[in-house]
Amino acid sequence: MSTLPTPPRPQPAHRRIDPFEPTGAGGASSAGGAVQDAAELYRVLVDSVRDYAIFALDPDGYILSWNAGAKRFKGYESDEAIGKHFSIFYPPEKVAERFPEHELEVASRVGHFEDEGWRVRKDGSRFWANVVITALRGEGGELIGFAKVTRDLTERRRAELALQESEQRFRLLVQGVRDYAIFMLDASGHVATWNDGAERIKGYTADEIIGKHMRTFYPPEDNAADKTTHELEVAAREGSFEEEGWRMRKDGSRFWANVLITALRDERGRLIGFAKVTRDLTERNAAQARALEDARRLASEEAAREHAEERARELRELAARLSEQALQLELRSAEAESANKAKGAFLAAMSHELRTPLNAIGGYAELLQMGITGPVSSAQVEQLERIRRAQQHLLRVISEILNFSRVEAGQADYVISRVPMHATIESVAQMIAPQATRKEITLVHTFTGPELVARADEAKVQQVLLNLMSNALKFTAPGGRVSVWTERDGANVATHVCDTGIGIPADKLEAIFEPFVQVGRSLTSDHEGTGLGLSISRDLARGMGGNLVVSSHPGDGSTFTLTLPAG
Ligand code: ADP
């Protein structure tokens, strides 16, 4: 139907009055050709209009004409519609209340009637229609019928309803949002609407707050700085303003809020107000703080655990190292012990082996000296004497070594008895007296008190004292003095051997009791000796339940003290 249809001529079914024919009734052509043409043009025009149902009613409401639009909207063909009463287009309830008659009555009285409402199609479906009924009057003013123009507004109506519905939904949504305060401000910042969220967050009911200025929500310091004016200015200028800051509740308490103010403008761009969305971030901040705190706690627990594991690992490593060292030490002591034993065995064997030929050297030298096997010159006697002295010295060294190795190996046998100390010192003093005299050293051993008796091995006490007194002479220059005395010291008897000799440096006071240690000994030193005497002496003293110690001032002399259990 893209070209103009040939309009069907309405077939009068009832009374044939066509109000669209300017000549009035019957389609007469008495007005001439031009008029006839104009009438035809009208008919074509009306008939072909598709967006409006345009039809004529007689004064009682019966349909006289029908156009393409009417057919399209209502679904009736011309011959079905023409002659029917126009109430067929009304829903039953409207018919029942005689609404169609009411429309005609109003239209005939005031000239026209306009209405919007539901109408019914041929198939029974409804559409929303805009209806204008215009009364048509003849030249004498008599009612000749009605023109009815109906427009199908179903689409528009649907759109309007949809809009209304979505607005309603939006209002309900905004109203019901509880986590956000969403409200409108007028252009000057006074509260215009209020939602549940606003009431919940700020504590005011709609009645209390609508009409109040937004300053109500700001802390005094912000109001002093006229912050709200600034915010509205920015929102108006930029379109929106957003910030986080402190806001006040009705009860005066503060909350940390995220605030978004959006400028609202009408279609001509005039500012009509602001939408304000406020969110209480207290909970979010608290949740963040909790999350942060949790994260921190986890991290520190983790760190502590790692630290503990690290410490445990270190301790395990330390323990492993220590047990390794302990093992090494055990091995070393065992090695030292067996080395010591080997040394003892070696020394014993060696001294024994040396002693026999040394004795032979001494014996034969003596024989030669005596001249039994032939004459010996005095020079030869002198040389033989030197051989004897060297032999004697070597023999002494060897017996000391043997002595030491026995004592070291714990093989010394002690014959314990009551040993009168004065008498023992006296006998040793006699042994070294010639030596003291030779060296011009005064030997003092005077006893004033009663005899002091020790429980000891007398021969070994003599050996110790001989060693101490020989040393005293050896390390004291001519003109010096060696004194020996004894005294009771608690449960012990202490014997002191004191000299005015060279003394012993403080750092050597202990070392001299070690075997083979000789202070200041060098290859060119003229001191004889093995460095074993003090070591043997201390071992013997301790072996008898006593001790041997020294005190000394280098340059002033030394004092050796032998203590033994009192007898
Ligand atoms: P030796 O006398 O055979 O060297 P000792 O064990 O008896 O061995 O003495 C060890 C060292 O102690 C001596 O070499 C000497 O350096 C030092 N010493 C011992 N007695 C004295 C003393 N009375 N005065 C100074 N030094 C001494």
# chains A, B, ... in the order shown; residues from 1 in each chain; ligands from 1
>>> residues_around(residues="Arg171 (chain A)", least_positions_apart="5", cutoff="12 Å", atoms="only C-alpha atoms", output="PDB file with N, CA, C and O atoms, in the first residue's frame")
ATOM      1  N   LEU A 163       8.485   5.124  32.034  1.00  0.00           N
ATOM      2  CA  LEU A 163       9.247   6.181  32.678  1.00  0.00           C
ATOM      3  C   LEU A 163       8.792   6.360  34.125  1.00  0.00           C
ATOM      4  O   LEU A 163       9.595   6.413  35.049  1.00  0.00           O
ATOM      5  N   GLN A 164       7.458   6.421  34.267  1.00  0.00           N
ATOM      6  CA  GLN A 164       6.903   6.588  35.616  1.00  0.00           C
ATOM      7  C   GLN A 164       7.383   5.467  36.532  1.00  0.00           C
ATOM      8  O   GLN A 164       7.810   5.688  37.647  1.00  0.00           O
ATOM      9  N   GLU A 165       7.331   4.267  35.953  1.00  0.00           N
ATOM     10  CA  GLU A 165       7.700   3.090  36.732  1.00  0.00           C
ATOM     11  C   GLU A 165       9.170   3.156  37.146  1.00  0.00           C
ATOM     12  O   GLU A 165       9.526   2.905  38.287  1.00  0.00           O
ATOM     13  N   SER A 166      10.007   3.548  36.141  1.00  0.00           N
ATOM     14  CA  SER A 166      11.432   3.556  36.469  1.00  0.00           C
ATOM     15  C   SER A 166      11.732   4.678  37.450  1.00  0.00           C
ATOM     16  O   SER A 166      12.574   4.529  38.336  1.00  0.00           O
ATOM     17  N   GLY A 176      15.412   3.563  49.709  1.00  0.00           N
ATOM     18  CA  GLY A 176      15.714   2.367  50.499  1.00  0.00           C
ATOM     19  C   GLY A 176      17.197   2.141  50.731  1.00  0.00           C
ATOM     20  O   GLY A 176      17.563   1.327  51.562  1.00  0.00           O
ATOM     21  N   VAL A 177      18.057   2.875  49.984  1.00  0.00           N
ATOM     22  CA  VAL A 177      19.499   2.651  50.175  1.00  0.00           C
ATOM     23  C   VAL A 177      19.870   3.032  51.600  1.00  0.00           C
ATOM     24  O   VAL A 177      19.575   4.123  52.045  1.00  0.00           O
ATOM     25  N   ILE A 182      21.578   9.657  50.511  1.00  0.00           N
ATOM     26  CA  ILE A 182      21.387  10.239  49.181  1.00  0.00           C
ATOM     27  C   ILE A 182      20.269  11.261  49.302  1.00  0.00           C
ATOM     28  O   ILE A 182      19.153  10.913  49.693  1.00  0.00           O
ATOM     29  N   PHE A 183      20.576  12.504  49.047  1.00  0.00           N
ATOM     30  CA  PHE A 183      19.527  13.510  49.174  1.00  0.00           C
ATOM     31  C   PHE A 183      19.829  14.676  48.249  1.00  0.00           C
ATOM     32  O   PHE A 183      20.902  14.776  47.676  1.00  0.00           O
ATOM     33  N   THR A 193      15.393  16.661  49.811  1.00  0.00           N
ATOM     34  CA  THR A 193      14.866  15.293  49.973  1.00  0.00           C
ATOM     35  C   THR A 193      15.762  14.555  50.952  1.00  0.00           C
ATOM     36  O   THR A 193      16.854  15.017  51.269  1.00  0.00           O
ATOM     37  N   TRP A 194      15.300  13.374  51.362  1.00  0.00           N
ATOM     38  CA  TRP A 194      16.019  12.650  52.419  1.00  0.00           C
ATOM     39  C   TRP A 194      15.743  11.160  52.249  1.00  0.00           C
ATOM     40  O   TRP A 194      14.609  10.802  51.923  1.00  0.00           O
ATOM     41  N   ASN A 195      16.729  10.343  52.374  1.00  0.00           N
ATOM     42  CA  ASN A 195      16.449   8.900  52.261  1.00  0.00           C
ATOM     43  C   ASN A 195      16.776   8.153  53.561  1.00  0.00           C
ATOM     44  O   ASN A 195      17.294   8.750  54.516  1.00  0.00           O
ATOM     45  N   ASP A 196      16.477   6.853  53.554  1.00  0.00           N
ATOM     46  CA  ASP A 196      16.702   6.041  54.763  1.00  0.00           C
ATOM     47  C   ASP A 196      18.160   6.064  55.195  1.00  0.00           C
ATOM     48  O   ASP A 196      18.486   6.126  56.381  1.00  0.00           O
TER      49      ASP A 196
END
>>> residues_near_ligand(ligand="ligand 1", cutoff="9 Å", atoms="only C-alpha atoms and all ligand atoms", output="PyMOL selection string")
chain A and resi 397+467-476+497-505+508-509+511-521+527-537+552+554+557-560
>>> residues_around(residues="Pro357 (chain A)", least_positions_apart="5", cutoff="12 Å", atoms="only C-alpha atoms", output="list in words")
Met350, Ser351, His352, Gly362, Gly363, Tyr364, Gln391, Leu394 and Leu395 of chain A
>>> select_by_dssp(residues="region 422-549 of chain A", states="strand (DSSP E)", output="short mmCIF file (atom, residue, chain, number, x, y, z; two decimals) with N, CA and C atoms, in the first residue's frame")
data_model
loop_
_atom_site.label_atom_id
_atom_site.label_comp_id
_atom_site.auth_asym_id
_atom_site.auth_seq_id
_atom_site.Cartn_x
_atom_site.Cartn_y
_atom_site.Cartn_z
N THR A 442 125.48 -17.09 101.52
CA THR A 442 125.18 -17.43 102.90
C THR A 442 123.97 -18.35 102.92
N LEU A 443 124.11 -19.52 103.54
CA LEU A 443 123.00 -20.46 103.63
C LEU A 443 122.47 -20.44 105.07
N VAL A 444 121.24 -20.04 105.24
CA VAL A 444 120.67 -19.90 106.59
C VAL A 444 119.59 -20.95 106.81
N VAL A 453 106.77 -32.06 112.15
CA VAL A 453 106.79 -33.36 111.48
C VAL A 453 105.76 -33.40 110.36
N ALA A 454 106.17 -33.91 109.17
CA ALA A 454 105.23 -34.07 108.04
C ALA A 454 104.99 -35.55 107.80
N ARG A 455 103.79 -35.83 107.23
CA ARG A 455 103.54 -37.22 106.80
C ARG A 455 103.91 -37.30 105.33
N ALA A 456 105.10 -37.96 105.06
CA ALA A 456 105.58 -37.96 103.67
C ALA A 456 106.59 -39.07 103.46
N ASP A 457 107.07 -39.15 102.17
CA ASP A 457 108.15 -40.10 101.84
C ASP A 457 109.45 -39.33 102.02
N ARG A 481 122.09 -14.63 99.46
CA ARG A 481 121.72 -15.34 100.68
C ARG A 481 120.55 -16.27 100.37
N VAL A 482 120.66 -17.50 100.92
CA VAL A 482 119.57 -18.47 100.77
C VAL A 482 119.14 -18.90 102.16
N SER A 483 117.86 -18.68 102.51
CA SER A 483 117.43 -19.10 103.84
C SER A 483 116.28 -20.10 103.72
N VAL A 484 116.32 -21.07 104.63
CA VAL A 484 115.29 -22.11 104.62
C VAL A 484 114.67 -22.17 106.00
N TRP A 485 113.33 -22.16 106.10
CA TRP A 485 112.68 -22.34 107.38
C TRP A 485 111.36 -23.03 107.21
N THR A 486 110.84 -23.49 108.32
CA THR A 486 109.59 -24.23 108.24
C THR A 486 108.61 -23.73 109.28
N GLU A 487 107.31 -23.89 109.01
CA GLU A 487 106.31 -23.42 109.98
C GLU A 487 105.05 -24.24 109.82
N ARG A 488 104.23 -24.19 110.87
CA ARG A 488 102.95 -24.88 110.83
C ARG A 488 101.95 -24.01 110.05
N ASP A 489 101.23 -24.62 109.13
CA ASP A 489 100.24 -23.85 108.36
C ASP A 489 98.94 -24.65 108.35
N ASN A 492 98.89 -28.32 107.69
CA ASN A 492 100.12 -28.63 106.94
C ASN A 492 101.37 -28.12 107.63
N VAL A 493 102.47 -28.61 107.08
CA VAL A 493 103.77 -28.06 107.46
C VAL A 493 104.31 -27.39 106.20
N ALA A 494 104.63 -26.09 106.28
CA ALA A 494 105.13 -25.36 105.11
C ALA A 494 106.62 -25.12 105.26
N THR A 495 107.38 -25.42 104.20
CA THR A 495 108.83 -25.19 104.20
C THR A 495 109.16 -24.18 103.11
N HIS A 496 109.80 -23.08 103.48
CA HIS A 496 110.11 -22.02 102.52
C HIS A 496 111.59 -22.05 102.18
N VAL A 497 111.88 -21.94 100.86
CA VAL A 497 113.27 -21.80 100.42
C VAL A 497 113.34 -20.45 99.72
N CYS A 498 114.05 -19.53 100.39
CA CYS A 498 114.02 -18.12 99.93
C CYS A 498 115.41 -17.68 99.51
N ASP A 499 115.50 -17.06 98.31
CA ASP A 499 116.83 -16.57 97.89
C ASP A 499 116.76 -15.09 97.52
N ASN A 547 101.80 -29.66 98.18
CA ASN A 547 101.88 -28.82 96.98
C ASN A 547 103.20 -28.08 96.96
N LEU A 548 103.50 -27.51 95.79
CA LEU A 548 104.70 -26.69 95.67
C LEU A 548 104.34 -25.45 94.89
N VAL A 549 104.56 -24.25 95.51
CA VAL A 549 104.22 -22.99 94.83
C VAL A 549 105.41 -22.04 94.91
#
>>> residues_around(residues="Trp66 (chain A)", least_positions_apart="4", cutoff="7 Å", atoms="only C-alpha atoms", output="PyMOL selection string")
chain A and resi 54-55+70+78+82
>>> atom_distance(atom1="CA of Asp51 (chain A)", atom2="CA of Arg151 (chain A)")
6.9 Å
>>> closest_residue(among="A:Glu139, A:Asp207, A:Glu317, A:Glu116", to="Tyr90 (chain A)", atoms="only C-alpha atoms")
A:Glu116
>>> select_by_dssp(residues="region 196-432 of chain A", states="helix (DSSP H, G or I)", output="VMD selection string")
chain A and resid 196 to 202 206 to 209 214 to 217 220 to 224 227 to 238 282 to 370 378 to 408 421 to 432
>>> closest_residue(among="A:Arg290, A:His190, A:Lys212, A:Arg355", to="Ala275 (chain A)", atoms="only C-alpha atoms")
A:His190
>>> residues_around(residues="Ile425 (chain A)", least_positions_apart="3", cutoff="8 Å", atoms="only C-alpha atoms", output="compact mmCIF listing (two decimals) with N, CA, C and O atoms, in the first residue's frame")
# COMPACT_ATOMS: atom_id res chain seq x y z
N MET A 421 110.97 -32.35 109.79
CA MET A 421 111.38 -31.43 108.74
C MET A 421 112.71 -30.75 109.05
O MET A 421 113.54 -30.58 108.17
N HIS A 422 112.90 -30.32 110.36
CA HIS A 422 114.18 -29.64 110.68
C HIS A 422 115.35 -30.53 110.32
O HIS A 422 116.30 -30.10 109.65
N VAL A 428 119.92 -31.94 103.96
CA VAL A 428 120.07 -31.43 102.57
C VAL A 428 121.04 -30.25 102.57
O VAL A 428 121.88 -30.12 101.66
N ALA A 429 120.95 -29.42 103.61
CA ALA A 429 121.82 -28.25 103.68
C ALA A 429 123.29 -28.67 103.70
O ALA A 429 124.14 -28.04 103.05
N HIS A 445 119.73 -21.74 107.85
CA HIS A 445 118.68 -22.71 108.16
C HIS A 445 118.63 -22.88 109.68
O HIS A 445 119.06 -23.87 110.25
N GLN A 462 113.46 -35.15 100.60
CA GLN A 462 114.87 -34.75 100.44
C GLN A 462 115.15 -34.35 98.99
O GLN A 462 115.77 -33.32 98.72
N LEU A 465 113.62 -30.92 98.33
CA LEU A 465 114.36 -29.83 98.98
C LEU A 465 115.73 -29.62 98.33
O LEU A 465 116.17 -28.48 98.16
N VAL A 484 116.32 -21.07 104.63
CA VAL A 484 115.29 -22.11 104.62
C VAL A 484 114.67 -22.17 106.00
O VAL A 484 115.38 -22.18 106.99
>>> closest_residue(among="A:Ala135, A:Gly124, A:Ala129, A:Ala423", to="Leu104 (chain A)", atoms="only C-alpha atoms")
A:Ala135
>>> closest_residue(among="A:Ile88, A:Ala39, A:Ala308, A:Leu136", to="Ile63 (chain A)", atoms="only C-alpha atoms")
A:Ile88
>>> closest_residue(among="A:Glu337, A:Tyr76, A:Pro565, A:Arg270", to="Asp123 (chain A)", atoms="only C-alpha atoms")
A:Tyr76
>>> residues_around(residues="Val49 (chain A)", least_positions_apart="2", cutoff="10 Å", atoms="only C-alpha atoms", output="PDB file with C-alpha atoms, in the first residue's frame")
ATOM      1  CA  LEU A   4      -2.609   6.253  -2.454  1.00  0.00           C
ATOM      2  CA  VAL A  44      -9.057  11.063  -0.347  1.00  0.00           C
ATOM      3  CA  LEU A  45      -7.145  12.949   2.273  1.00  0.00           C
ATOM      4  CA  VAL A  46      -9.168  11.684   5.207  1.00  0.00           C
ATOM      5  CA  ASP A  47      -9.430   8.200   3.864  1.00  0.00           C
ATOM      6  CA  ASP A  51      -2.022   7.641  11.799  1.00  0.00           C
ATOM      7  CA  TYR A  52      -5.430   8.880  12.901  1.00  0.00           C
ATOM      8  CA  ALA A  53      -8.723   7.073  12.857  1.00  0.00           C
ATOM      9  CA  ILE A  54     -11.045   9.703  11.426  1.00  0.00           C
ATOM     10  CA  ASN A  67     -10.777   5.753   6.955  1.00  0.00           C
ATOM     11  CA  ALA A  68      -7.538   3.815   6.570  1.00  0.00           C
ATOM     12  CA  GLY A  69      -6.307   4.892   9.994  1.00  0.00           C
ATOM     13  CA  ALA A  70      -9.546   3.729  11.622  1.00  0.00           C
TER      14      ALA A  70
END
>>> decode(residues="region 293-307 of chain A", atoms="all heavy atoms", output="mmCIF file, in the first residue's frame")
data_model
loop_
_atom_site.group_PDB
_atom_site.id
_atom_site.type_symbol
_atom_site.label_atom_id
_atom_site.label_comp_id
_atom_site.auth_asym_id
_atom_site.auth_seq_id
_atom_site.Cartn_x
_atom_site.Cartn_y
_atom_site.Cartn_z
ATOM 1 N N GLU A 293 45.788 -4.506 60.698
ATOM 2 C CA GLU A 293 46.243 -5.047 61.975
ATOM 3 C C GLU A 293 46.466 -6.562 61.861
ATOM 4 O O GLU A 293 47.488 -7.097 62.288
ATOM 5 C CB GLU A 293 45.187 -4.728 63.051
ATOM 6 C CG GLU A 293 45.552 -5.136 64.454
ATOM 7 C CD GLU A 293 46.918 -4.632 64.883
ATOM 8 O OE1 GLU A 293 47.313 -3.508 64.484
ATOM 9 O OE2 GLU A 293 47.609 -5.377 65.588
ATOM 10 N N ASP A 294 45.470 -7.226 61.216
ATOM 11 C CA ASP A 294 45.587 -8.675 61.013
ATOM 12 C C ASP A 294 46.838 -8.991 60.217
ATOM 13 O O ASP A 294 47.600 -9.892 60.562
ATOM 14 C CB ASP A 294 44.368 -9.210 60.236
ATOM 15 C CG ASP A 294 43.159 -9.309 61.157
ATOM 16 O OD1 ASP A 294 43.344 -9.090 62.371
ATOM 17 O OD2 ASP A 294 42.058 -9.581 60.660
ATOM 18 N N ALA A 295 47.018 -8.178 59.132
ATOM 19 C CA ALA A 295 48.169 -8.431 58.266
ATOM 20 C C ALA A 295 49.460 -8.250 59.055
ATOM 21 O O ALA A 295 50.382 -9.058 58.962
ATOM 22 C CB ALA A 295 48.144 -7.473 57.077
ATOM 23 N N ARG A 296 49.464 -7.147 59.894
ATOM 24 C CA ARG A 296 50.662 -6.889 60.700
ATOM 25 C C ARG A 296 50.933 -8.025 61.663
ATOM 26 O O ARG A 296 52.048 -8.485 61.819
ATOM 27 C CB ARG A 296 50.487 -5.589 61.485
ATOM 28 C CG ARG A 296 51.175 -4.457 60.808
ATOM 29 C CD ARG A 296 51.332 -3.272 61.752
ATOM 30 N NE ARG A 296 51.150 -2.090 60.960
ATOM 31 C CZ ARG A 296 50.212 -1.189 61.160
ATOM 32 N NH1 ARG A 296 49.390 -1.311 62.174
ATOM 33 N NH2 ARG A 296 50.099 -0.169 60.379
ATOM 34 N N ARG A 297 49.805 -8.474 62.332
ATOM 35 C CA ARG A 297 49.973 -9.527 63.329
ATOM 36 C C ARG A 297 50.525 -10.787 62.666
ATOM 37 O O ARG A 297 51.466 -11.388 63.147
ATOM 38 C CB ARG A 297 48.636 -9.818 64.008
ATOM 39 C CG ARG A 297 48.811 -10.383 65.409
ATOM 40 C CD ARG A 297 47.517 -10.905 66.001
ATOM 41 N NE ARG A 297 46.869 -11.834 65.128
ATOM 42 C CZ ARG A 297 45.673 -11.662 64.595
ATOM 43 N NH1 ARG A 297 44.983 -10.578 64.852
ATOM 44 N NH2 ARG A 297 45.155 -12.564 63.800
ATOM 45 N N LEU A 298 49.921 -11.096 61.505
ATOM 46 C CA LEU A 298 50.382 -12.291 60.785
ATOM 47 C C LEU A 298 51.857 -12.166 60.445
ATOM 48 O O LEU A 298 52.633 -13.100 60.622
ATOM 49 C CB LEU A 298 49.570 -12.469 59.500
ATOM 50 C CG LEU A 298 48.231 -13.150 59.694
ATOM 51 C CD1 LEU A 298 47.503 -13.236 58.355
ATOM 52 C CD2 LEU A 298 48.442 -14.561 60.246
ATOM 53 N N ALA A 299 52.188 -10.922 59.949
ATOM 54 C CA ALA A 299 53.575 -10.709 59.535
ATOM 55 C C ALA A 299 54.513 -10.871 60.718
ATOM 56 O O ALA A 299 55.566 -11.505 60.612
ATOM 57 C CB ALA A 299 53.723 -9.320 58.928
ATOM 58 N N SER A 300 54.089 -10.296 61.907
ATOM 59 C CA SER A 300 55.013 -10.372 63.038
ATOM 60 C C SER A 300 55.080 -11.793 63.590
ATOM 61 O O SER A 300 56.127 -12.260 64.021
ATOM 62 C CB SER A 300 54.646 -9.365 64.133
ATOM 63 O OG SER A 300 53.480 -9.790 64.772
ATOM 64 N N GLU A 301 53.921 -12.496 63.530
ATOM 65 C CA GLU A 301 53.951 -13.904 63.953
ATOM 66 C C GLU A 301 54.876 -14.702 63.051
ATOM 67 O O GLU A 301 55.668 -15.523 63.502
ATOM 68 C CB GLU A 301 52.542 -14.508 63.902
ATOM 69 C CG GLU A 301 51.699 -14.151 65.109
ATOM 70 C CD GLU A 301 50.258 -14.600 64.958
ATOM 71 O OE1 GLU A 301 49.964 -15.330 63.987
ATOM 72 O OE2 GLU A 301 49.446 -14.225 65.793
ATOM 73 N N GLU A 302 54.722 -14.374 61.764
ATOM 74 C CA GLU A 302 55.551 -15.070 60.769
ATOM 75 C C GLU A 302 57.025 -14.789 61.040
ATOM 76 O O GLU A 302 57.858 -15.687 61.064
ATOM 77 C CB GLU A 302 55.146 -14.575 59.373
ATOM 78 C CG GLU A 302 55.933 -15.143 58.235
ATOM 79 C CD GLU A 302 55.603 -16.595 57.948
ATOM 80 O OE1 GLU A 302 54.713 -17.159 58.627
ATOM 81 O OE2 GLU A 302 56.231 -17.178 57.075
ATOM 82 N N ALA A 303 57.298 -13.440 61.323
ATOM 83 C CA ALA A 303 58.684 -13.054 61.577
ATOM 84 C C ALA A 303 59.210 -13.746 62.826
ATOM 85 O O ALA A 303 60.338 -14.255 62.853
ATOM 86 C CB ALA A 303 58.768 -11.535 61.729
ATOM 87 N N ALA A 304 58.339 -13.781 63.875
ATOM 88 C CA ALA A 304 58.754 -14.407 65.128
ATOM 89 C C ALA A 304 59.044 -15.886 64.893
ATOM 90 O O ALA A 304 60.023 -16.444 65.405
ATOM 91 C CB ALA A 304 57.665 -14.248 66.186
ATOM 92 N N ARG A 305 58.139 -16.507 64.082
ATOM 93 C CA ARG A 305 58.319 -17.932 63.816
ATOM 94 C C ARG A 305 59.635 -18.154 63.065
ATOM 95 O O ARG A 305 60.428 -19.023 63.410
ATOM 96 C CB ARG A 305 57.136 -18.431 62.984
ATOM 97 C CG ARG A 305 56.932 -19.925 63.038
ATOM 98 C CD ARG A 305 55.619 -20.303 62.367
ATOM 99 N NE ARG A 305 55.525 -19.760 61.026
ATOM 100 C CZ ARG A 305 56.189 -20.234 59.974
ATOM 101 N NH1 ARG A 305 56.957 -21.266 60.108
ATOM 102 N NH2 ARG A 305 56.047 -19.677 58.792
ATOM 103 N N GLU A 306 59.845 -17.237 62.053
ATOM 104 C CA GLU A 306 61.074 -17.374 61.282
ATOM 105 C C GLU A 306 62.289 -17.174 62.172
ATOM 106 O O GLU A 306 63.276 -17.903 62.073
ATOM 107 C CB GLU A 306 61.099 -16.343 60.149
ATOM 108 C CG GLU A 306 60.513 -16.906 58.873
ATOM 109 C CD GLU A 306 60.397 -15.853 57.794
ATOM 110 O OE1 GLU A 306 61.153 -14.867 57.856
ATOM 111 O OE2 GLU A 306 59.544 -16.033 56.904
ATOM 112 N N HIS A 307 62.150 -16.150 63.083
ATOM 113 C CA HIS A 307 63.253 -15.866 63.992
ATOM 114 C C HIS A 307 63.536 -17.082 64.862
ATOM 115 O O HIS A 307 64.687 -17.496 65.024
ATOM 116 C CB HIS A 307 62.892 -14.665 64.866
ATOM 117 C CG HIS A 307 63.990 -14.241 65.779
ATOM 118 N ND1 HIS A 307 65.152 -13.664 65.328
ATOM 119 C CD2 HIS A 307 64.126 -14.350 67.122
ATOM 120 C CE1 HIS A 307 65.949 -13.418 66.332
ATOM 121 N NE2 HIS A 307 65.360 -13.825 67.441
#
